[in-house]
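Participant: Below you will find the structure I want to go over with you.
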Amino acid sequence: METIIREGTPKTPFVRFDGEKGLVEIKGRSIPENSVEFYKPLIDWLEKYSAGPVKETYVNIQLEYFNTSSSKCILDIFKKLELIHKKGHLVEVNWYYEEDDEDMFEAGEDYQSIINIPFKMIEMEE
Amino acid sequence: MKFDLLEWRKLKNNGELIIEHYGEITPDVITNSLFDVERYFLHSKENSSIKKKAYNVFVECIQNLFHHVEKIPEQLGIGFSGNFGVIMLVKEKGFYRVSTGNFIKRDRFAFLKDRIDQINSLTDLEVKMLYRDILGNEEISKKGGGGLGMIDIVRKTGNKLEYYFYNYNENYLFFSLDVFIS
């Protein structure tokens, strides 16, 4: 599968979706006005990937800010990953947050409460 | 007494005005405003948790305006038409305030008031549970909003939303919203 790499912008995150390595990474800030437009190709990519994923998929989410419309799209990404997990493949989410960022920690907890995939909460020093 | 937009702006400009946008809300306006807010906080000695909360609230407020302001007719007599809104970030003693103002048609009044009153009536835990419930169960609206903006603001700030609806004319009200970050 074609690897998706998108550089970060002031409103959208760095993205790397690598099907051969089983790596899904979203880093930076996600505050576009139209989140669906940004995330739809990524969700479509995961749809295709879920048909033949590698044995282990690692997901690194390291967000500085995200707006509420992105929060729905990020959930849609997790839902696609949850389907892969349900089929018996290993999927592991690393949710990174800065040590004083209680809101980002809680956002990780929100997704954990909705999605059934192993989550690791990883605190980063500033 | 007739609502006076200039007086409202003076009323809200009570403290150190960090940024104000008055006029049409476009993606470029949002980008530029966020850049200004970020630049302000870059040089501020404020603790980083408050900076992040204030930035997040500003993002939600200005994007709420972008998604939900009404296209107002020229006859409103304020010198603007289209997607008109006002947003300010003000520093007061001990807290920051994001104030927004926009015209709404009278038929949206009850919905908006009920929604804010409902959110304001909830405890912190109830706000968190409502957020999760909507996040997990509702679709994104056609306008791109997730229906989560105001709930997210209350959750992040831990403060109630303060609002007022001013009579403007027989068709329009002016909706004034204050969010406090402390």
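Following the order of the structure tokens, chains are lettered A, B, ..., residues in each are numbered from 1, and ligands are numbered from 1.
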With 7 Å as the cut-off and only C-alpha atoms counted, what is the closest atom pair between each nearby residue of chain A and chain B? Distances in Å to one decimal, ordered by chain and number, as a Markdown table.
Facilitator:
```
| residue | atom | partner | partner_atom | distance |
| --- | --- | --- | --- | --- |
| A:Glu33 | CA | B:Gln63 | CA | 6.7 |
| A:Asn34 | CA | B:Gly144 | CA | 6.0 |
| A:Asn67 | CA | B:Glu60 | CA | 6.6 |
| A:Thr68 | CA | B:Gly149 | CA | 5.9 |
| A:Ser69 | CA | B:Gly146 | CA | 4.8 |
| A:Lys72 | CA | B:Leu135 | CA | 6.2 |
| A:Asp100 | CA | B:Ser49 | CA | 6.4 |
| A:Asp101 | CA | B:Ser49 | CA | 6.3 |
| A:Asp103 | CA | B:Lys156 | CA | 6.8 |
| A:Asp110 | CA | B:Arg132 | CA | 6.3 |
| A:Ile114 | CA | B:Gly136 | CA | 6.4 |
```
Participant: Could the residues in this selection be written to a file with C-alpha atoms, as a CSV table (one decimal), in the first residue's frame?
Facilitator:
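Result saved to selection.csv:
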```
chain,number,residue,atom,x,y,z
A,33,GLU,CA,-12.2,24.2,10.0
A,34,ASN,CA,-13.0,21.3,7.8
A,67,ASN,CA,-10.5,21.0,17.9
A,68,THR,CA,-13.8,19.3,18.6
A,69,SER,CA,-14.5,18.5,14.9
A,72,LYS,CA,-14.8,13.0,15.9
A,100,ASP,CA,1.2,19.3,32.6
A,101,ASP,CA,-1.4,18.7,29.9
A,103,ASP,CA,-6.7,18.0,29.0
A,110,ASP,CA,-12.0,9.5,26.5
A,114,ILE,CA,-15.1,4.3,23.8
```
Participant: Lys40 (chain A): which residues within 10 Å, counting only C-alpha atoms, same-chain residues fewer than 6 positions away excluded, as a list in words?
Facilitator: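 Answer for this query is Leu46, Cys73, Asp76 and Ile77 of chain A.
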Participant: Pull N, CA and C atoms from the residues just selected and write them as a tab-separated table (two decimals), in the first residue's frame.
Facilitator:
```
chain	number	residue	atom	x	y	z
A	46	LEU	N	-7.17	3.57	5.91
A	46	LEU	CA	-7.28	2.53	6.94
A	46	LEU	C	-8.30	1.46	6.55
A	73	CYS	N	-13.23	12.89	14.05
A	73	CYS	CA	-12.48	12.21	12.98
A	73	CYS	C	-11.44	11.26	13.56
A	76	ASP	N	-13.07	8.21	14.47
A	76	ASP	CA	-13.31	7.36	13.29
A	76	ASP	C	-12.05	6.57	12.93
A	77	ILE	N	-10.89	7.16	13.11
A	77	ILE	CA	-9.63	6.44	12.88
A	77	ILE	C	-9.51	5.29	13.87
```
Participant: Neighbouring residues of region 115-127 of chain B were defined as those with any atom within 6 Å, considering only C-alpha atoms; residues of the same chain fewer than 3 positions away were excluded. Please report them as a ChimeraX atom specification.
Facilitator: /B:112,130,160
Participant: Please produce a file of the residues just selected, as a compact mmCIF listing (two decimals), in the first residue's frame, where the atoms kept are N, CA and C atoms.
Facilitator:
```
# COMPACT_ATOMS: atom_id res chain seq x y z
N LEU B 112 -30.70 27.85 21.42
CA LEU B 112 -29.37 28.22 21.92
C LEU B 112 -29.38 28.42 23.43
N LEU B 130 -21.27 13.68 29.31
CA LEU B 130 -22.02 14.15 28.14
C LEU B 130 -21.07 14.26 26.94
N LYS B 160 -18.71 28.16 34.09
CA LYS B 160 -19.99 28.25 33.37
C LYS B 160 -19.87 29.27 32.23
```
Participant: For each of A:Ile26, A:Ile117, A:Ile43, A:Ile4, take the minimum atom-to-atom distance to Lys80 (chain A), counting only C-alpha atoms, then give the residue where this is smallest.
Facilitator: A:Ile43
Participant: Taking only C-alpha atoms into account, which of B:Glu46, B:Trp8, B:Val37, B:Leu161 comes nearest Gly94 (chain B)?
Facilitator: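 Going through B:Glu46, B:Trp8, B:Val37, B:Leu161 one by one, the smallest distance to Gly94 (chain B) is for B:Glu46.
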Participant: Give me the residues near region 56-59 of chain A as a PDB file with C-alpha atoms, in the first residue's frame, where near means some atom within 6 Å (using only C-alpha atoms) and where sequence neighbours in that chain fewer than 3 positions away do not count.
Facilitator:
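Saved as around17.pdb:
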```pdb
ATOM      1  CA  GLY A  22       2.259  -1.153  10.271  1.00  0.00           C
ATOM      2  CA  LEU A  23       2.813   2.368  11.513  1.00  0.00           C
ATOM      3  CA  VAL A  24       0.163   5.053  11.986  1.00  0.00           C
ATOM      4  CA  GLU A  25       1.397   8.406  13.255  1.00  0.00           C
ATOM      5  CA  LEU A  90      -2.225  -6.714  17.301  1.00  0.00           C
ATOM      6  CA  VAL A  91      -2.990  -2.991  17.401  1.00  0.00           C
ATOM      7  CA  GLU A  92      -1.399  -0.820  20.041  1.00  0.00           C
ATOM      8  CA  VAL A  93      -2.000   2.885  20.582  1.00  0.00           C
ATOM      9  CA  ASN A  94       0.639   5.082  22.148  1.00  0.00           C
TER      10      ASN A  94
END
```
Participant: Where in region 12-121 of chain B does DSSP assign strand (DSSP E or B), given as a PyMOL selection string?
Facilitator: chain B and resi 16-24+71-72+82-92+95-105
Participant: From a DSSP pass on the backbone, collect the residues of region 16-116 of chain A flagged as helix (DSSP H, G or I) and hand them back as a PyMOL selection string.
Facilitator: chain A and resi 35-49+68-86+102-114
Participant: As a ChimeraX atom specification, please: the residues near Ile72 (chain B) (cut-off 9 Å, only C-alpha atoms, same-chain neighbours under 6 positions excluded).
Facilitator: /B:80-84,103-104
Participant: Keeping only C-alpha atoms, write those residues as a CSV table (one decimal), in the first residue's frame.
Facilitator:
```csv
chain,number,residue,atom,x,y,z
B,80,PHE,CA,-21.2,44.6,7.4
B,81,SER,CA,-23.1,41.8,5.9
B,82,GLY,CA,-22.2,38.1,5.4
B,83,ASN,CA,-20.7,36.0,8.2
B,84,PHE,CA,-20.3,38.8,10.8
B,103,PHE,CA,-26.4,38.3,15.4
B,104,ILE,CA,-28.9,35.5,15.4
```
Participant: With only C-alpha atoms as the counted atoms, please give the residues lying no more than 10 Å from Glu99 (chain A), apart from itself and same-chain residues fewer than 2 positions off, as a PyMOL selection string.
Facilitator: (chain A and resi 96-97+101-102+104-105+122-126) or (chain B and resi 49)
Participant: For a test of reading the model, state the distance in Å between CA of Lys12 (chain B) and CA of Phe111 (chain B), rounded to one decimal.
Facilitator: 24.6 Å
Participant: Considering only C-alpha atoms, state which residue in the set A:Gly88, A:Tyr39, A:Phe78, A:Trp45 is at the smallest distance from Thr3 (chain A).
Facilitator: A:Trp45
Participant: In Å to one decimal, how far is CA of Ser176 (chain B) from CA of Leu42 (chain B)?
Facilitator: 28.4 Å
Participant: Tell me which protein, DNA and RNA residues are within 8 Å of Ser70 (chain A), counting only C-alpha atoms, leaving out same-chain ones fewer than 5 positions away, and put them as a list in words.
Facilitator: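 Once the nearby chain positions are removed, what remains is Ser30, Ile31, Pro32, Ser35 and Val36 of chain A.
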Participant: Could you work out how far CA of Glu64 (chain A) lies from CA of Met121 (chain A), giving the answer in Å with one decimal?
Facilitator: 14.6 Å
